[in-house]
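First the structure, in the form of structure tokens, and then the observations on it.
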Amino acid sequence: MNRRPFLKLVSALTIASALAANAASAENIRIGAVAPKTGPLAGGAAVTQWPSIKLWVNQINEAGGLMVDGEKMMIDLIEYDDQTNPGETIKAVQRLATQDDAHFIIAPYGTGLNLAAAPLFDRYGYPQIAVSAITDQQADLSKKFPNMFFTLGTTTALAADVVKVLSEMREAGQMGDKVAMVNVADAFGIELATAAKPLFEDAGFNIVYETSYPLGTQDLSPVIKGAAAAEPDAFIAWSYPPDTFGLTEQAMIEDLDVKAFYTAVATPFPGYGARFGAAAEGVLGAGGVNPESPAFKEYAAAHEAVTEAKPDYWASATTYASLQILAQSIEAVGLDRAEVTAHLKASTFDTILGPISFDENNSNADFWTVGQWQGGVFKGVASRGRDGTVPVILKDGWK
Amino acid sequence: MDILITGILLGGTYALIAMGLNLQYGVARIMNLANGEILVAGGYFAFIAYTSTQLSPILTIFLVAPLAFVLNWLIYRLMLQPLVNRAKNRGQLETDSILATFGLSFIGVGLMLSFFGGDYFSYSFMAVPVELLGNTYGANRVLSFVMAVLICGALYVWLNRSRSGLSIRAIATAPASARLVGIDVKELSALAFALGGAVTAVGGALISTYLTLDASTGVVFTLKALIIVIMGGVGDVRGTIVAALLLGVLETVVASLLDPGLTLAAAYVMFLGVLLFRPQGLFGKKAT
């Protein structure tokens, strides 16, 4: 069979459709999105990042578009998979800026990928409203990259509020001062463990077991057995999704007897509650929301209707809020990126999380830090400046 | 004792991961880098069967095995047979099959991603403690170990006792001479490849009861399987089992007595040791 004519036809069609797409999008706002669809962070991005983007674009286009300079403009979304590879993130941002001529680019997913992309956002003058980028370097970063904004909080705040929650439980006489602390040997886990250790010690806690394990460890039972042997009152794990699930299951199997059990990323995922059911009751985790607030309820319902999945109880809502912020800025000042950035620095935005504004370090000072599974819902139990925290309950067994 | 049992249970998991690749590489001479994707697909199948119809993964594997067998047989016939036919020697076949299956692994990830999305899939199945000699272990891990023993045992007996098994071993030992004694190398290679795929997919279904997987985790398992197969000796079921158990026990000993952070390092030190001192595999004979 001669394949040449066929190939020619296909390429002609591809080019034609590409041209048609370009022509159709002449009056549309081009929004770029780059985040993992494959690789180690894909599972997290599939819960937190992509569905909120889809929902946001869907809602705006259903409403006829964004009002820019007195004219309704629809959104064209251009998506790239960065394979959880910083090199690919950089390439995709560059492509979005130079080839696709995107008006705006949604910040990538994950601390490392956001940091990798920051210089390019800066070079091409795109505002970068980072969500899943938790770091203590916000002051330095915002000096270096004045277009970079932070919404989800800092490493130290995340660790400090866990210490605070445990301190309050201890002062209420609910538990002793023995803490077992483990972390995944990856940037996120190491940074949090490093931040948390002195905080625990200053608060008078006694760290009776401390270790780290490699990302992707297939059997975490030695970790839980080691912790159990030290008879801690609280178990804290600065963990990533697969090990969050693995540690919890091992704790169930070993019947780890603690008053407080904390795992970090993925604890607020709906899949966590679905998998562990009643055993999840009382598990503490990173993040949280106010699930009772009407704005969150409305968002969650729309999220499920459009994406057929529930949002998580932490960064999903913040991701959506960051997009609300972007949309409000565009409607206020138009498509000029420098003006949008200036507007971001100067204004207060009305989001599903409540009002958000950025301080001199481009940081949002109001965010959730610790949540807990209570009655099948992950509720915020500690926050910086957010309403709706509920009291902590004791972890009472794994049944 | 506790450490030993935990390690042996983990070794069972590793044997499940590696056994399929051993058949594929040892007999069909295909270094299948898409092995992990087949494993994840098996896990997906068990996950969907369990969450939608509450079908126990123990039963699911009887569906997964024939499906994976057919799928892998087709992959071999359609995609790999032409490579085998055209290869002038073993080295060329290895290069070609590595490249081809590497591409296949991307296709696998892409397909799973488009069908199931990139979300983690995890469910709770038999996450209850079982008491063995005074210590507790996850029932799902014990179950999967028992299944690993059954599967590996069946394979071992089949390869050593049955006529087709012996023919397969003949191909593994001397592919050129096997043809001379009337063994249908083509047919049996396809059979071994398909069987390897089925074992891998069953392993995936069992592993999904206690590990959290997503569409792109396959490569992690491919790498582990590669290490174990090479340590155990290519085409050697017994060697793979021993290597898997050794690796499981070693990782658990290091995690329990030294530091969980050193498990990876320990595994690679062991791998390096085997490569240096027994490059033909734990039980392999020196190449002549």
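Every chain in the structure tokens takes a letter, A first, then B, and so on in the order presented; its residues are numbered from 1, and the ligands are numbered from 1 following the presented order.
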Contacts between chain A and chain B, please, where a residue of chain B counts if it comes within 7 Å (with only C-alpha atoms); show its shortest atom pair and distance in Å to one decimal, rows by chain and ascending number, as JSON lines.
```
{"residue": "B:Leu10", "atom": "CA", "partner": "A:Asp219", "partner_atom": "CA", "distance": 6.8}
{"residue": "B:Gly118", "atom": "CA", "partner": "A:Gly43", "partner_atom": "CA", "distance": 5.2}
{"residue": "B:Asp119", "atom": "CA", "partner": "A:Gly43", "partner_atom": "CA", "distance": 4.4}
{"residue": "B:Tyr120", "atom": "CA", "partner": "A:Gly43", "partner_atom": "CA", "distance": 5.0}
{"residue": "B:Ser122", "atom": "CA", "partner": "A:Arg275", "partner_atom": "CA", "distance": 6.7}
{"residue": "B:Tyr123", "atom": "CA", "partner": "A:Arg275", "partner_atom": "CA", "distance": 4.9}
{"residue": "B:Ser124", "atom": "CA", "partner": "A:Arg275", "partner_atom": "CA", "distance": 5.5}
{"residue": "B:Ala127", "atom": "CA", "partner": "A:Ile253", "partner_atom": "CA", "distance": 6.4}
{"residue": "B:Val128", "atom": "CA", "partner": "A:Ile253", "partner_atom": "CA", "distance": 5.4}
{"residue": "B:Pro129", "atom": "CA", "partner": "A:Ile253", "partner_atom": "CA", "distance": 4.7}
{"residue": "B:Thr136", "atom": "CA", "partner": "A:Glu254", "partner_atom": "CA", "distance": 6.4}
{"residue": "B:Tyr137", "atom": "CA", "partner": "A:Ile253", "partner_atom": "CA", "distance": 6.7}
{"residue": "B:Gly138", "atom": "CA", "partner": "A:Ile253", "partner_atom": "CA", "distance": 5.7}
{"residue": "B:Leu211", "atom": "CA", "partner": "A:Gly246", "partner_atom": "CA", "distance": 6.7}
{"residue": "B:Thr212", "atom": "CA", "partner": "A:Pro242", "partner_atom": "CA", "distance": 5.3}
{"residue": "B:Asp214", "atom": "CA", "partner": "A:Gly43", "partner_atom": "CA", "distance": 6.2}
{"residue": "B:Ser216", "atom": "CA", "partner": "A:Gly39", "partner_atom": "CA", "distance": 5.5}
{"residue": "B:Thr252", "atom": "CA", "partner": "A:Pro222", "partner_atom": "CA", "distance": 6.8}
{"residue": "B:Ala255", "atom": "CA", "partner": "A:Pro222", "partner_atom": "CA", "distance": 6.1}
{"residue": "B:Ser256", "atom": "CA", "partner": "A:Pro222", "partner_atom": "CA", "distance": 5.3}
{"residue": "B:Asp259", "atom": "CA", "partner": "A:Thr211", "partner_atom": "CA", "distance": 6.9}
{"residue": "B:Pro260", "atom": "CA", "partner": "A:Tyr213", "partner_atom": "CA", "distance": 4.9}
{"residue": "B:Gly261", "atom": "CA", "partner": "A:Tyr213", "partner_atom": "CA", "distance": 4.3}
```
Export, as an mmCIF file, in the first residue's frame, the selected residues with N, CA and C atoms.
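Generated file (result.cif):
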```
data_model
loop_
_atom_site.group_PDB
_atom_site.id
_atom_site.type_symbol
_atom_site.label_atom_id
_atom_site.label_comp_id
_atom_site.auth_asym_id
_atom_site.auth_seq_id
_atom_site.Cartn_x
_atom_site.Cartn_y
_atom_site.Cartn_z
ATOM 1 N N LEU B 10 6.883 -9.343 51.860
ATOM 2 C CA LEU B 10 7.257 -8.364 50.841
ATOM 3 C C LEU B 10 7.895 -9.073 49.652
ATOM 4 N N GLY B 118 -6.279 10.268 35.712
ATOM 5 C CA GLY B 118 -4.986 10.116 36.380
ATOM 6 C C GLY B 118 -5.095 9.960 37.881
ATOM 7 N N ASP B 119 -6.305 9.892 38.391
ATOM 8 C CA ASP B 119 -6.517 9.835 39.836
ATOM 9 C C ASP B 119 -5.917 8.562 40.439
ATOM 10 N N TYR B 120 -5.544 8.638 41.716
ATOM 11 C CA TYR B 120 -5.115 7.431 42.414
ATOM 12 C C TYR B 120 -6.291 6.486 42.529
ATOM 13 N N SER B 122 -7.521 3.425 44.892
ATOM 14 C CA SER B 122 -7.197 2.604 46.041
ATOM 15 C C SER B 122 -8.488 2.226 46.728
ATOM 16 N N TYR B 123 -8.506 1.058 47.268
ATOM 17 C CA TYR B 123 -9.688 0.592 47.972
ATOM 18 C C TYR B 123 -9.217 -0.273 49.126
ATOM 19 N N SER B 124 -10.102 -0.509 50.043
ATOM 20 C CA SER B 124 -9.735 -1.304 51.197
ATOM 21 C C SER B 124 -10.270 -2.711 51.015
ATOM 22 N N ALA B 127 -8.113 -5.322 54.761
ATOM 23 C CA ALA B 127 -7.115 -4.568 55.526
ATOM 24 C C ALA B 127 -7.337 -4.855 57.005
ATOM 25 N N VAL B 128 -7.307 -6.117 57.358
ATOM 26 C CA VAL B 128 -7.489 -6.509 58.754
ATOM 27 C C VAL B 128 -6.251 -7.262 59.207
ATOM 28 N N PRO B 129 -5.964 -7.184 60.483
ATOM 29 C CA PRO B 129 -4.759 -7.863 60.954
ATOM 30 C C PRO B 129 -4.924 -9.383 61.006
ATOM 31 N N THR B 136 1.352 -9.202 64.143
ATOM 32 C CA THR B 136 0.236 -8.976 63.239
ATOM 33 C C THR B 136 0.729 -8.548 61.865
ATOM 34 N N TYR B 137 0.026 -9.019 60.849
ATOM 35 C CA TYR B 137 0.331 -8.671 59.469
ATOM 36 C C TYR B 137 -0.968 -8.388 58.742
ATOM 37 N N GLY B 138 -0.887 -7.606 57.659
ATOM 38 C CA GLY B 138 -2.091 -7.316 56.890
ATOM 39 C C GLY B 138 -2.586 -8.569 56.183
ATOM 40 N N LEU B 211 -1.559 -1.659 47.734
ATOM 41 C CA LEU B 211 -0.761 -0.515 47.292
ATOM 42 C C LEU B 211 -1.651 0.464 46.542
ATOM 43 N N THR B 212 -1.329 1.737 46.641
ATOM 44 C CA THR B 212 -2.075 2.765 45.933
ATOM 45 C C THR B 212 -1.416 3.002 44.586
ATOM 46 N N ASP B 214 -1.595 4.542 40.389
ATOM 47 C CA ASP B 214 -2.273 5.397 39.421
ATOM 48 C C ASP B 214 -1.723 5.082 38.041
ATOM 49 N N SER B 216 0.257 6.169 35.985
ATOM 50 C CA SER B 216 1.662 6.237 35.591
ATOM 51 C C SER B 216 2.632 5.606 36.593
ATOM 52 N N THR B 252 13.469 -5.230 54.453
ATOM 53 C CA THR B 252 12.811 -5.143 55.747
ATOM 54 C C THR B 252 13.821 -5.103 56.884
ATOM 55 N N ALA B 255 15.212 -1.654 56.885
ATOM 56 C CA ALA B 255 14.228 -0.674 57.348
ATOM 57 C C ALA B 255 13.998 -0.795 58.847
ATOM 58 N N SER B 256 14.001 -2.013 59.375
ATOM 59 C CA SER B 256 13.686 -2.201 60.783
ATOM 60 C C SER B 256 14.886 -1.945 61.680
ATOM 61 N N ASP B 259 17.578 1.908 59.020
ATOM 62 C CA ASP B 259 16.782 3.106 58.752
ATOM 63 C C ASP B 259 15.969 2.865 57.488
ATOM 64 N N PRO B 260 14.668 3.171 57.517
ATOM 65 C CA PRO B 260 13.866 2.962 56.303
ATOM 66 C C PRO B 260 14.400 3.742 55.112
ATOM 67 N N GLY B 261 15.151 4.817 55.381
ATOM 68 C CA GLY B 261 15.679 5.621 54.288
ATOM 69 C C GLY B 261 16.736 4.893 53.473
#
```
key: Spatial neighbours of Ser105 (chain B), 7 Å, only C-alpha atoms, chain gap at least 6 places, as a ChimeraX atom specification   = /B:33-34,37
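In this structure, CA of Tyr50 (chain B) sits 9.8 Å away from CA of Thr209 (chain B).
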query = Quick one: residues within 12 Å of Gln59 (chain A), only C-alpha atoms counted, chain neighbours fewer than 4 positions away excluded, as JSON, numbers by chain?
reply = {"A": [52, 53, 54, 55, 63, 64, 65, 66, 74, 75, 299, 302, 303, 305, 306, 307, 320, 323, 324, 327]}
Export of prior selection with C-alpha atoms as a PDB file, in the first residue's frame:
```
ATOM      1  CA  SER A  52     -11.004  22.910  39.010  1.00  0.00           C
ATOM      2  CA  ILE A  53      -9.562  24.346  35.802  1.00  0.00           C
ATOM      3  CA  LYS A  54     -12.142  22.473  33.763  1.00  0.00           C
ATOM      4  CA  LEU A  55     -14.955  23.683  36.011  1.00  0.00           C
ATOM      5  CA  ALA A  63     -22.016  32.405  31.097  1.00  0.00           C
ATOM      6  CA  GLY A  64     -20.924  33.745  27.716  1.00  0.00           C
ATOM      7  CA  GLY A  65     -17.343  34.604  28.632  1.00  0.00           C
ATOM      8  CA  LEU A  66     -15.466  37.232  30.591  1.00  0.00           C
ATOM      9  CA  MET A  74     -14.880  33.240  25.652  1.00  0.00           C
ATOM     10  CA  ILE A  75     -11.938  31.235  26.993  1.00  0.00           C
ATOM     11  CA  TYR A 299     -18.514  24.901  44.428  1.00  0.00           C
ATOM     12  CA  ALA A 302     -20.756  22.320  40.540  1.00  0.00           C
ATOM     13  CA  HIS A 303     -17.411  20.474  40.641  1.00  0.00           C
ATOM     14  CA  ALA A 305     -21.694  18.044  38.160  1.00  0.00           C
ATOM     15  CA  VAL A 306     -19.079  19.178  35.638  1.00  0.00           C
ATOM     16  CA  THR A 307     -16.146  16.841  36.344  1.00  0.00           C
ATOM     17  CA  TYR A 320     -10.517  27.475  42.034  1.00  0.00           C
ATOM     18  CA  LEU A 323      -8.755  31.240  39.028  1.00  0.00           C
ATOM     19  CA  GLN A 324     -11.531  33.428  40.386  1.00  0.00           C
ATOM     20  CA  ALA A 327     -10.894  36.240  36.208  1.00  0.00           C
TER      21      ALA A 327
END
```
Picked from region 94-309 of chain A by DSSP as strand (DSSP E or B), as JSON, numbers by chain = {"A": [104, 105, 106, 128, 129, 130, 148, 149, 150, 178, 179, 180, 181, 182, 183, 184, 206, 207, 208, 209, 210, 211, 212, 213, 234, 235, 236, 237, 238, 260, 261, 262, 263, 283, 284, 285, 286]}
request  = Compile the contact shell of region 221-235 of chain B as an MDAnalysis selection string: residues with an atom at most 8 Å away, counting only C-alpha atoms, same-chain residues fewer than 6 positions apart removed.
outcome  = chainID B and resid 14 17:19 21:23 25:27 33:36 39 169 172 241:244 247 271 274:275 279:284
inquiry  = Please list as a PyMOL selection string every residue within 10 Å of Val40 (chain B), counting only C-alpha atoms and excluding residues in the same chain fewer than 2 positions away.
reply    = chain B and resi 35-38+42-46+108-109+112+200-205+207-208+213-219+221
request  = Write out as JSON, numbers by chain all residues of region 205-280 of chain A that backbone DSSP assigns to helix (DSSP H, G or I).
outcome  = {"A": [221, 222, 223, 224, 225, 226, 227, 228, 229, 241, 242, 243, 244, 245, 246, 247, 248, 249, 250, 251, 252, 253, 254, 270, 271, 272, 273, 274, 275, 276, 277, 278, 279, 280]}
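Take CA of Ala172 (chain A) and CA of Val289 (chain A): the distance between them is 24.4 Å.
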Residue contacts of region 374-381 of chain A (12 Å, only C-alpha atoms) excluding same-chain residues fewer than 5 positions away, as a PDB file with C-alpha atoms, in the first residue's frame:
```
ATOM      1  CA  ASP A 161      -0.256  24.664  63.429  1.00  0.00           C
ATOM      2  CA  VAL A 162       0.108  20.895  63.795  1.00  0.00           C
ATOM      3  CA  LYS A 164      -0.321  24.043  68.084  1.00  0.00           C
ATOM      4  CA  VAL A 165      -3.174  21.558  67.682  1.00  0.00           C
ATOM      5  CA  LEU A 166      -1.215  18.894  69.564  1.00  0.00           C
ATOM      6  CA  GLU A 168      -3.804  22.245  72.872  1.00  0.00           C
ATOM      7  CA  ALA A 266      -3.877  13.334  50.123  1.00  0.00           C
ATOM      8  CA  THR A 267      -5.504  13.019  53.537  1.00  0.00           C
ATOM      9  CA  PRO A 268      -8.094  15.621  52.409  1.00  0.00           C
ATOM     10  CA  PHE A 269      -8.764  13.678  49.177  1.00  0.00           C
ATOM     11  CA  PRO A 270     -12.291  12.290  48.906  1.00  0.00           C
ATOM     12  CA  GLY A 271     -10.649   8.976  47.946  1.00  0.00           C
ATOM     13  CA  TYR A 272      -9.120   8.782  51.421  1.00  0.00           C
ATOM     14  CA  GLY A 273     -12.480   8.968  53.140  1.00  0.00           C
ATOM     15  CA  ALA A 274     -13.964   6.567  50.608  1.00  0.00           C
ATOM     16  CA  ARG A 275     -11.233   4.016  51.137  1.00  0.00           C
ATOM     17  CA  PHE A 276     -10.983   4.032  54.912  1.00  0.00           C
ATOM     18  CA  GLY A 277     -14.579   4.854  55.811  1.00  0.00           C
ATOM     19  CA  ALA A 278     -15.170   4.792  59.542  1.00  0.00           C
ATOM     20  CA  ALA A 279     -11.482   4.133  60.244  1.00  0.00           C
ATOM     21  CA  ALA A 280     -10.678   7.600  58.882  1.00  0.00           C
ATOM     22  CA  GLU A 281     -12.653   9.206  61.705  1.00  0.00           C
ATOM     23  CA  GLY A 282     -10.357  11.475  63.689  1.00  0.00           C
ATOM     24  CA  VAL A 283      -7.426  11.338  61.238  1.00  0.00           C
ATOM     25  CA  LEU A 284      -5.687  14.707  61.002  1.00  0.00           C
ATOM     26  CA  GLY A 285      -4.244  15.972  57.748  1.00  0.00           C
ATOM     27  CA  ALA A 286      -2.750  18.949  55.958  1.00  0.00           C
ATOM     28  CA  GLY A 287      -5.141  21.644  54.836  1.00  0.00           C
ATOM     29  CA  GLY A 288      -8.853  21.732  55.361  1.00  0.00           C
ATOM     30  CA  VAL A 289     -11.779  23.884  54.320  1.00  0.00           C
ATOM     31  CA  ASN A 290     -14.997  25.015  55.884  1.00  0.00           C
ATOM     32  CA  PRO A 291     -17.267  22.402  54.304  1.00  0.00           C
ATOM     33  CA  GLU A 292     -20.319  24.082  55.829  1.00  0.00           C
ATOM     34  CA  SER A 293     -19.841  27.398  54.050  1.00  0.00           C
ATOM     35  CA  PHE A 296     -17.863  25.743  49.278  1.00  0.00           C
ATOM     36  CA  LYS A 310     -15.631  15.502  44.225  1.00  0.00           C
ATOM     37  CA  PRO A 311     -13.120  18.247  45.027  1.00  0.00           C
ATOM     38  CA  ASP A 312     -10.613  17.603  47.781  1.00  0.00           C
ATOM     39  CA  TYR A 313     -10.991  19.384  51.094  1.00  0.00           C
ATOM     40  CA  TRP A 314      -7.997  21.643  50.690  1.00  0.00           C
ATOM     41  CA  PHE A 367      -5.305  29.934  54.658  1.00  0.00           C
ATOM     42  CA  TRP A 368      -6.157  26.566  56.175  1.00  0.00           C
ATOM     43  CA  THR A 369      -3.439  24.550  57.874  1.00  0.00           C
ATOM     44  CA  ARG A 386     -10.236  31.726  58.142  1.00  0.00           C
ATOM     45  CA  ASP A 387     -13.693  31.291  59.688  1.00  0.00           C
ATOM     46  CA  GLY A 388     -15.363  28.010  60.471  1.00  0.00           C
ATOM     47  CA  THR A 389     -12.748  25.957  62.327  1.00  0.00           C
ATOM     48  CA  VAL A 390     -14.233  23.144  64.367  1.00  0.00           C
ATOM     49  CA  PRO A 391     -12.833  21.623  67.601  1.00  0.00           C
ATOM     50  CA  VAL A 392     -10.393  18.718  67.317  1.00  0.00           C
ATOM     51  CA  ILE A 393     -11.557  15.261  68.342  1.00  0.00           C
ATOM     52  CA  LEU A 394      -9.404  12.453  69.712  1.00  0.00           C
ATOM     53  CA  LYS A 395      -8.428   9.534  67.486  1.00  0.00           C
ATOM     54  CA  ASP A 396     -10.317   6.677  69.017  1.00  0.00           C
TER      55      ASP A 396
END
```
